[in-house]
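Reading through the structure tokens given below for one structure.
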Amino acid sequence: MSDLLFFAGGNCLARHGTLVWQTTADEDASAETHTRSGTARSYGRDGNLRNTDANVPSLMWHDTDSDNIREPFLLIEGERTNLNTEDDLSAWTTSGTITVTGSVADPAEGTTAYTVATTSGGSSTYIYRTINPTTSTVSVSWIVAKNSAPNGSQDFQLYDTTAATDRIHLRIQSWGASGPSVSAQVGTLIGVRTLGSGYYQIQAYTEAVATGNTNELRIFPAANNGQTGSFDIYRLMVFDDKVPLLSVVDEGATHQKDVFYAPFPHPPQEMTVYLRFDERGSITASNKTLIHIGSATATADPRLIVSRDTSVAKYSVTFDNGTTVNSANGNNLTTPNFNDLVELLATLDANGNVQISQSINSGAIDVGAASSTTATIPAAWAAERLYIGSRGSSGTTHHSVVAMSDVKIARGLKTMAQMRAL
Amino acid sequence: MSTYLLTDNLYNTRQYPSHTVTASGGAVTGYEVFRIANARRHARDYWTPLSSNTEVHIDVACDRVRSANMLVIDRNSGLSGATITVSSSQEAAYTTSDDTSFTVPSSVYRANGLRSGHPVKTQEGAILLPFNLTAGKFWRVTIGAMGAGVKPTIGGLWLGRSYSPTIVPLPWDDEARYLDRQDIRLGMPGPFSDTGRSADLRIMVKNDAEWETARRSMLQFWSGSPLWYVADSNYGENSWLGYAPPTSFGAPYTNRTGRDLTISLSELQPVRV
């Protein structure tokens with residue numbers, strides 16, 4: 001019997017057949033509890049969209065090593081509302097010579113789309129739609145496919161007509177075998193994710209939206225004057241949050257928060273936590289939680305938390321025994337980017353000190369500084385639970401978008417190599 | 001070559017008491033859907049729907065999200081030439097699903113390699129299909145319409161996650177013969193079922209992680225669920241269904257770091273082929 005006490009996530013599903021597994025508990029005693037009051041829609045084994053019933057955990061399948069086989073990730077997402085209130089692009093207002101054809105006949109599969117075309121492109125040739133953000137931080141998620149010539153020069157803008165300035169301006173420079181080459185003229189490009197059937201998800205964010213102004217979504221099939229252009233668009237989603245959903249949400253609809261926890265019937269002790277996940281943006285906002293051990297609320301102690309640090313864009317581990325709070329962040333570690341495959345190793349030693357190490361995309365293992373204040377390890381946690389992606393069911397403050405492959409917890413102090421092998 | 005061991009069966013409500021198995025198309029009285037997972041293997045113990053030449057499906061609603069990578073249709077089924085689709089979904093309505101389809105082979109071939117998406121018919125007529133691992137809370141096996149006047153019959157259906165040892169037990173000799181032996185079964189009703197295959201496996205488990213992976217399969221097997229034994233995936237037609245006889249088994253620590261699996265199995269309800 002190994003020292004592995006607890007295992008959860010997409011890799012657990014592949015290895016043990018369920019999302020949660022424990023060495024010392026039978027299957028039913030290990031069963032997860034998951035709630036989400038609405039349905040969800042994420043990417044299946046072939047990269048096309050799959051619906052998920054309410055209160056069923058979402059899976060996201062992603063090829064992490066380019067072997068053309070997607071592996072499952074447990075997808076836990078916070079609450080987001082799509083600010084785009086019209087999925088039918090033919091209902092958007094047009095400017096210039098432009099046509100919109102097609103429909104989303106089978107939206108769940110994500111294999112049909114609207115074709116936006118022009119025979120005379122340029123900066124005045126676009127379709128547009130007004131949105132009403134309520135915060136200055138806004139993200140977009142744009143699902144597109146190549147249709148025909150020209151090879152590139154398709155643009156997206158989040159344009160402030162009051163201030164006459166771009167808040168986000170993305171340009172598809174060209175289309176290659178691995179998808180579109182996208183640059184951000186304005187705003188921050190999060191990344192491009194390959195989906196199924198030739199579709200790609202382009203995500204970006206800005207922190208510069210003026211909420212009282214008139215803000216327009218604009219789509220340009222050919223950004224150059226007089227150019228003929230055409231491409232396919234499946235969805236354009238906008239969120240009042242720096243971290244966009246990976247899931248697809250219909251016009252004006254709200255993705256309800258996922259709350260996922262499992263029994264954790266193991267006492268506080270010297271132990272090692274290993275996490276492997278697809279970076280979806282938790283790193284961009286303070287306190288976004290990866291896992292939360294030993295408490296059913298965001299305040300009750302004793303507990304142990306692995307989350308994004310409160311002040312710096314690093315992941316950190318915190319142990320709170322009720323009187324002493326020991327925290328260690330990876331201040332000297334590289335900040336992960338969106339789409340990175342991140343591995344974290346968080347340890348709690350016998351003196352109650354914590355330390356975090358990190359590897360990005362299977363690269364070098366960087367070790368953060370350990371805390372140095374003795375904190376007595378108590379006999380019991382506040383609650384025998386382990387949450388993934390949140391700190392209890394109430395509130396959304398700590399909710400992020402977490403695509404989790406591995407949550408492994410072992411007794412004793414282990415190395416990254418040892419935890420990978422467990 | 002690979003070795004596959006399959007005991008897991010999402011359709012088996014003894015393994016999974018909280019699962020719900022249903023079939024479209026109803027069932028002829030005496031041929032109810034529960035018969036697909038009782039492993040009786042009798043020629044008259046099967047499920048069949050009320051109507052012929054109609055697409056039908058057998059669903060299982062699991063108690064949680066579960067993964068699978070292998071389907072087996074037992075010999076006492078009548079599906080030759082039918083189109084079968086295995087679907088996993090996260091919604092009860094199956095409006096979207098991950099699907100794997102195949103046509104049930106009618107011939108038994110020699111050296112028929114078992115691989116993802118390629119079905120193999122065994123010597124006794126069972127159909128084995130490994131597929132890329134997928135997962136869902138809801139699983140469905142769909143049988144396409146089989147023609148005028150023809151109704152599908154399914155005597156045994158396994159859908160689950162197989163265990164494949166990392167260190168493959170090698171054949172006995174270069175002719176890919178295995179140490180399967182023919183047992184004389186006393187008290188069998190006729191000469192066609194008085195012998196059956198038996199095997200004793202020693203599987204070197206690579207590490208504790210693999211042991212923990214294998215453990216569930218073995219516990220299911222030693223708890224009474226039969227096991228599909230694919231000794232060599234390059235010779236999928238030699239696969240057979242075994243049960244755990246009342247003999248020695250276990251996973252003792254051996255004189256190296258780690259465990260070995262000791263598995264004895266005897267063929268369940270053999271027929272002479």
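Ligands are numbered from 1 in the order shown, chains are lettered A, B, ... in the order of the structure tokens, and residues start at 1 in each chain.
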- Task: Run DSSP on the backbone and grab whatever in stretch 248-392 of chain A lands in strand (DSSP E or B); send it over as a PyMOL selection string.
- Result: chain A and resi 254-255+259-263+271-278+289-293+303-308+315-320+325-329+341-348+354-360+366-367+385-388
Generate a file of the selected residues that holds C-alpha atoms, formatted as a PDB file, in the first residue's frame.
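selection.pdb, freshly written:
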ATOM      1  CA  THR A 254     -25.619  32.491 -16.707  1.00  0.00           C
ATOM      2  CA  HIS A 255     -23.336  29.592 -15.993  1.00  0.00           C
ATOM      3  CA  VAL A 259     -19.331  23.344  -6.020  1.00  0.00           C
ATOM      4  CA  PHE A 260     -17.358  20.114  -5.749  1.00  0.00           C
ATOM      5  CA  TYR A 261     -16.180  18.432  -2.596  1.00  0.00           C
ATOM      6  CA  ALA A 262     -15.276  14.970  -1.365  1.00  0.00           C
ATOM      7  CA  PRO A 263     -14.950  13.350   2.050  1.00  0.00           C
ATOM      8  CA  MET A 271       1.581  15.550   4.314  1.00  0.00           C
ATOM      9  CA  THR A 272       2.129  16.462   0.675  1.00  0.00           C
ATOM     10  CA  VAL A 273      -0.391  17.869  -1.787  1.00  0.00           C
ATOM     11  CA  TYR A 274       0.222  17.439  -5.520  1.00  0.00           C
ATOM     12  CA  LEU A 275      -1.880  19.301  -8.066  1.00  0.00           C
ATOM     13  CA  ARG A 276      -1.740  19.064 -11.854  1.00  0.00           C
ATOM     14  CA  PHE A 277      -4.023  21.367 -13.809  1.00  0.00           C
ATOM     15  CA  ASP A 278      -4.617  23.311 -16.997  1.00  0.00           C
ATOM     16  CA  THR A 289      -8.837  28.637  -4.833  1.00  0.00           C
ATOM     17  CA  LEU A 290      -7.395  25.442  -6.254  1.00  0.00           C
ATOM     18  CA  ILE A 291      -8.129  23.199  -3.271  1.00  0.00           C
ATOM     19  CA  HIS A 292      -9.385  23.741   0.253  1.00  0.00           C
ATOM     20  CA  ILE A 293      -8.859  20.999   2.826  1.00  0.00           C
ATOM     21  CA  ARG A 303      -7.665  24.043   7.307  1.00  0.00           C
ATOM     22  CA  LEU A 304      -5.125  24.025   4.499  1.00  0.00           C
ATOM     23  CA  ILE A 305      -5.534  26.009   1.281  1.00  0.00           C
ATOM     24  CA  VAL A 306      -3.700  26.045  -2.037  1.00  0.00           C
ATOM     25  CA  SER A 307      -4.702  29.153  -3.940  1.00  0.00           C
ATOM     26  CA  ARG A 308      -3.442  32.157  -5.824  1.00  0.00           C
ATOM     27  CA  TYR A 315       0.351  30.208  -6.136  1.00  0.00           C
ATOM     28  CA  SER A 316       0.632  29.794  -2.395  1.00  0.00           C
ATOM     29  CA  VAL A 317      -0.105  27.305   0.367  1.00  0.00           C
ATOM     30  CA  THR A 318      -1.625  28.344   3.698  1.00  0.00           C
ATOM     31  CA  PHE A 319      -2.035  26.292   6.859  1.00  0.00           C
ATOM     32  CA  ASP A 320      -4.235  27.767   9.568  1.00  0.00           C
ATOM     33  CA  VAL A 325      -1.452  31.158  10.035  1.00  0.00           C
ATOM     34  CA  ASN A 326       1.515  29.862   8.069  1.00  0.00           C
ATOM     35  CA  SER A 327       1.637  30.850   4.439  1.00  0.00           C
ATOM     36  CA  ALA A 328       4.267  30.374   1.762  1.00  0.00           C
ATOM     37  CA  ASN A 329       4.016  31.615  -1.774  1.00  0.00           C
ATOM     38  CA  LEU A 341       0.065  22.631 -17.693  1.00  0.00           C
ATOM     39  CA  VAL A 342       0.980  23.422 -14.092  1.00  0.00           C
ATOM     40  CA  GLU A 343       2.159  21.036 -11.378  1.00  0.00           C
ATOM     41  CA  LEU A 344       2.265  22.240  -7.785  1.00  0.00           C
ATOM     42  CA  LEU A 345       3.741  20.470  -4.781  1.00  0.00           C
ATOM     43  CA  ALA A 346       2.622  21.846  -1.414  1.00  0.00           C
ATOM     44  CA  THR A 347       3.957  20.370   1.796  1.00  0.00           C
ATOM     45  CA  LEU A 348       2.906  20.610   5.426  1.00  0.00           C
ATOM     46  CA  VAL A 354       4.409  24.948   4.563  1.00  0.00           C
ATOM     47  CA  GLN A 355       6.281  25.212   1.278  1.00  0.00           C
ATOM     48  CA  ILE A 356       5.308  25.203  -2.397  1.00  0.00           C
ATOM     49  CA  SER A 357       7.161  24.021  -5.509  1.00  0.00           C
ATOM     50  CA  GLN A 358       6.104  24.303  -9.126  1.00  0.00           C
ATOM     51  CA  SER A 359       6.785  22.870 -12.552  1.00  0.00           C
ATOM     52  CA  ILE A 360       5.311  24.328 -15.738  1.00  0.00           C
ATOM     53  CA  ASP A 366      11.306  25.466  -8.842  1.00  0.00           C
ATOM     54  CA  VAL A 367      11.142  25.506  -5.060  1.00  0.00           C
ATOM     55  CA  ARG A 385     -13.934  17.738   3.458  1.00  0.00           C
ATOM     56  CA  LEU A 386     -11.804  18.642   0.484  1.00  0.00           C
ATOM     57  CA  TYR A 387     -13.115  21.250  -1.967  1.00  0.00           C
ATOM     58  CA  ILE A 388     -11.781  21.713  -5.468  1.00  0.00           C
TER      59      ILE A 388
END
- Item | stretch 213-221 of chain B environment, 8 Å, only C-alpha atoms, sequence neighbours closer than 3 positions dropped, as number ranges by chain | A: 15-16; B: 5-8, 15, 162-163, 209-210, 224-227, 243-244
- Item | Residue neighbourhood A:Gly212, 9 Å, only C-alpha atoms, exclusion window fewer than 3 positions, as a list of chain:residue names |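 Everything that qualifies: A:Asn132, A:Pro133, A:Thr134, A:Val209, A:Asn215.
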- Item | Distance filter 8 Å, only C-alpha atoms, chain B against chain A, as an MDAnalysis selection string | chainID B and resid 64:68 89:92 95:98 133:135 137 161 208:209 212:213
- Query: Just asking: which residues within stretch 83-314 of chain A are helix (DSSP H, G or I) according to DSSP, as a ChimeraX atom specification?
  - Reply: /A:89-91,282-284
Write a file of the selected residues as a short mmCIF file (atom, residue, chain, number, x, y, z; two decimals), in the first residue's frame, keeping N, CA and C atoms.
data_model
loop_
_atom_site.label_atom_id
_atom_site.label_comp_id
_atom_site.auth_asym_id
_atom_site.auth_seq_id
_atom_site.Cartn_x
_atom_site.Cartn_y
_atom_site.Cartn_z
N LEU A 89 -25.85 36.01 -35.23
CA LEU A 89 -25.04 37.11 -35.78
C LEU A 89 -25.75 37.82 -36.93
N SER A 90 -26.72 37.16 -37.56
CA SER A 90 -27.46 37.82 -38.63
C SER A 90 -28.37 38.92 -38.07
N ALA A 91 -28.58 38.90 -36.75
CA ALA A 91 -29.39 39.95 -36.13
C ALA A 91 -28.55 41.13 -35.65
N SER A 282 -6.79 31.17 -12.88
CA SER A 282 -6.78 31.34 -11.42
C SER A 282 -5.64 32.25 -10.99
N ILE A 283 -4.55 32.22 -11.74
CA ILE A 283 -3.36 32.96 -11.35
C ILE A 283 -3.54 34.47 -11.48
N THR A 284 -4.58 34.91 -12.18
CA THR A 284 -4.70 36.35 -12.44
C THR A 284 -5.41 37.12 -11.33
#
- Task: Enter the distance from atom CA of B:Arg110 to atom CA of B:Ala82, in Å, rounded to one decimal.
- Result: 21.7 Å
Just want the 12 Å neighbourhood of stretch 199-201 of chain A, counted on only C-alpha atoms, with same-chain residues fewer than 2 positions away dropped. Output as an mmCIF file with N, CA and C atoms, in the first residue's frame.
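For reference, part19.cif as written:
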data_model
loop_
_atom_site.group_PDB
_atom_site.id
_atom_site.type_symbol
_atom_site.label_atom_id
_atom_site.label_comp_id
_atom_site.auth_asym_id
_atom_site.auth_seq_id
_atom_site.Cartn_x
_atom_site.Cartn_y
_atom_site.Cartn_z
ATOM 1 N N SER A 42 -19.321 21.836 -22.205
ATOM 2 C CA SER A 42 -17.867 21.881 -22.311
ATOM 3 C C SER A 42 -17.400 20.944 -23.422
ATOM 4 N N TYR A 43 -16.070 20.716 -23.500
ATOM 5 C CA TYR A 43 -15.505 20.028 -24.654
ATOM 6 C C TYR A 43 -15.303 18.548 -24.393
ATOM 7 N N ASP A 46 -13.661 14.443 -28.441
ATOM 8 C CA ASP A 46 -13.271 14.830 -29.792
ATOM 9 C C ASP A 46 -13.121 16.339 -29.937
ATOM 10 N N GLY A 47 -13.238 17.078 -28.854
ATOM 11 C CA GLY A 47 -13.086 18.522 -28.911
ATOM 12 C C GLY A 47 -14.358 19.261 -29.240
ATOM 13 N N ASN A 48 -15.419 18.547 -29.576
ATOM 14 C CA ASN A 48 -16.706 19.192 -29.812
ATOM 15 C C ASN A 48 -17.468 19.331 -28.497
ATOM 16 N N LEU A 49 -18.473 20.182 -28.544
ATOM 17 C CA LEU A 49 -19.170 20.501 -27.297
ATOM 18 C C LEU A 49 -20.087 19.384 -26.844
ATOM 19 N N GLU A 109 -23.106 20.716 -30.361
ATOM 20 C CA GLU A 109 -21.959 20.053 -30.948
ATOM 21 C C GLU A 109 -20.884 21.050 -31.372
ATOM 22 N N GLY A 110 -21.287 22.275 -31.636
ATOM 23 C CA GLY A 110 -20.288 23.272 -31.991
ATOM 24 C C GLY A 110 -19.668 23.073 -33.352
ATOM 25 N N THR A 111 -20.356 22.401 -34.247
ATOM 26 C CA THR A 111 -19.769 22.136 -35.554
ATOM 27 C C THR A 111 -20.449 22.927 -36.669
ATOM 28 N N THR A 112 -21.390 23.762 -36.337
ATOM 29 C CA THR A 112 -21.961 24.648 -37.337
ATOM 30 C C THR A 112 -21.810 26.080 -36.861
ATOM 31 N N ALA A 113 -21.897 27.015 -37.794
ATOM 32 C CA ALA A 113 -21.567 28.376 -37.416
ATOM 33 C C ALA A 113 -22.186 29.364 -38.380
ATOM 34 N N VAL A 140 -13.280 38.150 -23.095
ATOM 35 C CA VAL A 140 -14.059 37.651 -24.231
ATOM 36 C C VAL A 140 -13.595 36.245 -24.574
ATOM 37 N N SER A 141 -14.508 35.487 -25.111
ATOM 38 C CA SER A 141 -14.213 34.128 -25.572
ATOM 39 C C SER A 141 -14.871 33.989 -26.939
ATOM 40 N N TRP A 142 -14.052 33.765 -27.970
ATOM 41 C CA TRP A 142 -14.481 33.889 -29.347
ATOM 42 C C TRP A 142 -14.168 32.571 -30.046
ATOM 43 N N ILE A 143 -15.179 31.886 -30.577
ATOM 44 C CA ILE A 143 -14.961 30.575 -31.181
ATOM 45 C C ILE A 143 -15.122 30.694 -32.691
ATOM 46 N N VAL A 144 -14.047 30.410 -33.413
ATOM 47 C CA VAL A 144 -14.013 30.690 -34.849
ATOM 48 C C VAL A 144 -13.433 29.499 -35.617
ATOM 49 N N ALA A 145 -13.653 29.520 -36.929
ATOM 50 C CA ALA A 145 -13.038 28.539 -37.827
ATOM 51 C C ALA A 145 -12.704 29.231 -39.130
ATOM 52 N N LYS A 146 -11.692 28.698 -39.829
ATOM 53 C CA LYS A 146 -11.341 29.251 -41.131
ATOM 54 C C LYS A 146 -12.432 28.889 -42.130
ATOM 55 N N ASN A 147 -12.754 29.814 -43.003
ATOM 56 C CA ASN A 147 -13.757 29.535 -44.026
ATOM 57 C C ASN A 147 -13.122 29.580 -45.410
ATOM 58 N N ILE A 172 -6.637 38.183 -36.272
ATOM 59 C CA ILE A 172 -6.136 36.914 -36.803
ATOM 60 C C ILE A 172 -5.201 37.267 -37.947
ATOM 61 N N TRP A 175 -3.885 31.984 -40.920
ATOM 62 C CA TRP A 175 -4.353 30.662 -40.503
ATOM 63 C C TRP A 175 -3.298 29.640 -40.897
ATOM 64 N N GLY A 176 -2.851 28.838 -39.957
ATOM 65 C CA GLY A 176 -1.881 27.795 -40.242
ATOM 66 C C GLY A 176 -2.432 26.432 -39.886
ATOM 67 N N ALA A 177 -1.574 25.417 -40.007
ATOM 68 C CA ALA A 177 -2.008 24.055 -39.718
ATOM 69 C C ALA A 177 -2.430 23.896 -38.262
ATOM 70 N N SER A 178 -1.838 24.683 -37.388
ATOM 71 C CA SER A 178 -2.176 24.562 -35.975
ATOM 72 C C SER A 178 -3.193 25.606 -35.539
ATOM 73 N N GLY A 179 -3.808 26.289 -36.521
ATOM 74 C CA GLY A 179 -4.856 27.230 -36.161
ATOM 75 C C GLY A 179 -4.482 28.659 -36.461
ATOM 76 N N PRO A 180 -5.287 29.588 -35.975
ATOM 77 C CA PRO A 180 -5.037 30.996 -36.281
ATOM 78 C C PRO A 180 -3.874 31.562 -35.473
ATOM 79 N N SER A 181 -3.116 32.430 -36.135
ATOM 80 C CA SER A 181 -2.096 33.196 -35.432
ATOM 81 C C SER A 181 -2.737 34.525 -35.051
ATOM 82 N N VAL A 182 -2.872 34.739 -33.743
ATOM 83 C CA VAL A 182 -3.648 35.877 -33.252
ATOM 84 C C VAL A 182 -2.734 36.832 -32.506
ATOM 85 N N LEU A 189 -4.069 39.209 -24.782
ATOM 86 C CA LEU A 189 -4.472 37.921 -25.350
ATOM 87 C C LEU A 189 -4.224 36.830 -24.319
ATOM 88 N N ILE A 190 -5.264 36.077 -24.006
ATOM 89 C CA ILE A 190 -5.104 34.970 -23.063
ATOM 90 C C ILE A 190 -4.515 33.769 -23.776
ATOM 91 N N GLY A 191 -5.085 33.414 -24.894
ATOM 92 C CA GLY A 191 -4.543 32.291 -25.630
ATOM 93 C C GLY A 191 -5.534 31.755 -26.641
ATOM 94 N N VAL A 192 -5.067 30.772 -27.409
ATOM 95 C CA VAL A 192 -5.892 30.116 -28.419
ATOM 96 C C VAL A 192 -5.935 28.634 -28.083
ATOM 97 N N ARG A 193 -7.110 28.051 -28.003
ATOM 98 C CA ARG A 193 -7.274 26.660 -27.643
ATOM 99 C C ARG A 193 -7.890 25.911 -28.825
ATOM 100 N N THR A 194 -7.273 24.796 -29.250
ATOM 101 C CA THR A 194 -7.793 23.994 -30.351
ATOM 102 C C THR A 194 -8.997 23.178 -29.889
ATOM 103 N N LEU A 195 -10.097 23.302 -30.599
ATOM 104 C CA LEU A 195 -11.297 22.524 -30.305
ATOM 105 C C LEU A 195 -11.463 21.464 -31.386
ATOM 106 N N GLY A 196 -12.658 20.915 -31.534
ATOM 107 C CA GLY A 196 -12.887 19.913 -32.563
ATOM 108 C C GLY A 196 -13.386 20.530 -33.849
ATOM 109 N N SER A 197 -13.359 19.735 -34.927
ATOM 110 C CA SER A 197 -13.958 20.101 -36.210
ATOM 111 C C SER A 197 -13.421 21.411 -36.772
ATOM 112 N N GLN A 203 -9.266 33.725 -26.538
ATOM 113 C CA GLN A 203 -9.707 34.419 -25.335
ATOM 114 C C GLN A 203 -8.784 35.591 -25.015
ATOM 115 N N ALA A 204 -9.363 36.652 -24.487
ATOM 116 C CA ALA A 204 -8.592 37.851 -24.160
ATOM 117 C C ALA A 204 -9.309 38.603 -23.047
ATOM 118 N N PHE A 231 -15.123 34.317 -42.824
ATOM 119 C CA PHE A 231 -14.754 33.300 -41.841
ATOM 120 C C PHE A 231 -15.977 32.896 -41.039
ATOM 121 N N ASP A 232 -15.811 31.798 -40.286
ATOM 122 C CA ASP A 232 -16.936 31.233 -39.554
ATOM 123 C C ASP A 232 -16.808 31.567 -38.068
ATOM 124 N N ILE A 233 -17.940 31.906 -37.485
ATOM 125 C CA ILE A 233 -17.967 32.214 -36.055
ATOM 126 C C ILE A 233 -19.056 31.368 -35.410
ATOM 127 N N TYR A 234 -18.657 30.643 -34.395
ATOM 128 C CA TYR A 234 -19.652 29.846 -33.667
ATOM 129 C C TYR A 234 -20.255 30.660 -32.526
ATOM 130 N N ARG A 235 -19.424 31.272 -31.718
ATOM 131 C CA ARG A 235 -19.920 32.028 -30.579
ATOM 132 C C ARG A 235 -18.978 33.185 -30.252
ATOM 133 N N LEU A 236 -19.553 34.214 -29.681
ATOM 134 C CA LEU A 236 -18.773 35.287 -29.084
ATOM 135 C C LEU A 236 -19.388 35.548 -27.712
ATOM 136 N N MET A 237 -18.603 35.265 -26.690
ATOM 137 C CA MET A 237 -19.101 35.422 -25.320
ATOM 138 C C MET A 237 -18.274 36.478 -24.596
ATOM 139 N N PRO A 244 -12.265 34.264 -18.232
ATOM 140 C CA PRO A 244 -13.445 33.822 -18.979
ATOM 141 C C PRO A 244 -13.736 32.352 -18.709
ATOM 142 N N LEU A 245 -14.982 31.973 -18.906
ATOM 143 C CA LEU A 245 -15.330 30.558 -18.822
ATOM 144 C C LEU A 245 -14.667 29.802 -19.960
ATOM 145 N N LEU A 246 -14.328 28.573 -19.672
ATOM 146 C CA LEU A 246 -13.935 27.684 -20.765
ATOM 147 C C LEU A 246 -15.196 27.118 -21.420
ATOM 148 N N SER A 247 -16.221 26.954 -20.634
ATOM 149 C CA SER A 247 -17.487 26.437 -21.144
ATOM 150 C C SER A 247 -18.151 27.452 -22.069
ATOM 151 N N VAL A 248 -19.138 26.961 -22.794
ATOM 152 C CA VAL A 248 -19.916 27.811 -23.688
ATOM 153 C C VAL A 248 -21.258 28.123 -23.035
ATOM 154 N N ASN A 339 -3.192 28.323 -20.428
ATOM 155 C CA ASN A 339 -2.915 27.130 -21.231
ATOM 156 C C ASN A 339 -1.678 26.361 -20.783
#
- Skip A:Thr211 itself and residues of its chain fewer than 5 positions away, then list as a VMD selection string all residues within 12 Å of it, counting only C-alpha atoms. chain A and resid 131 to 138 160 to 163 167 216 240
- Item | Nearest residue to A:Gly281 from the set A:Thr335, A:Thr376, A:Thr397, A:Ser153 (distances using only C-alpha atoms) | A:Thr335
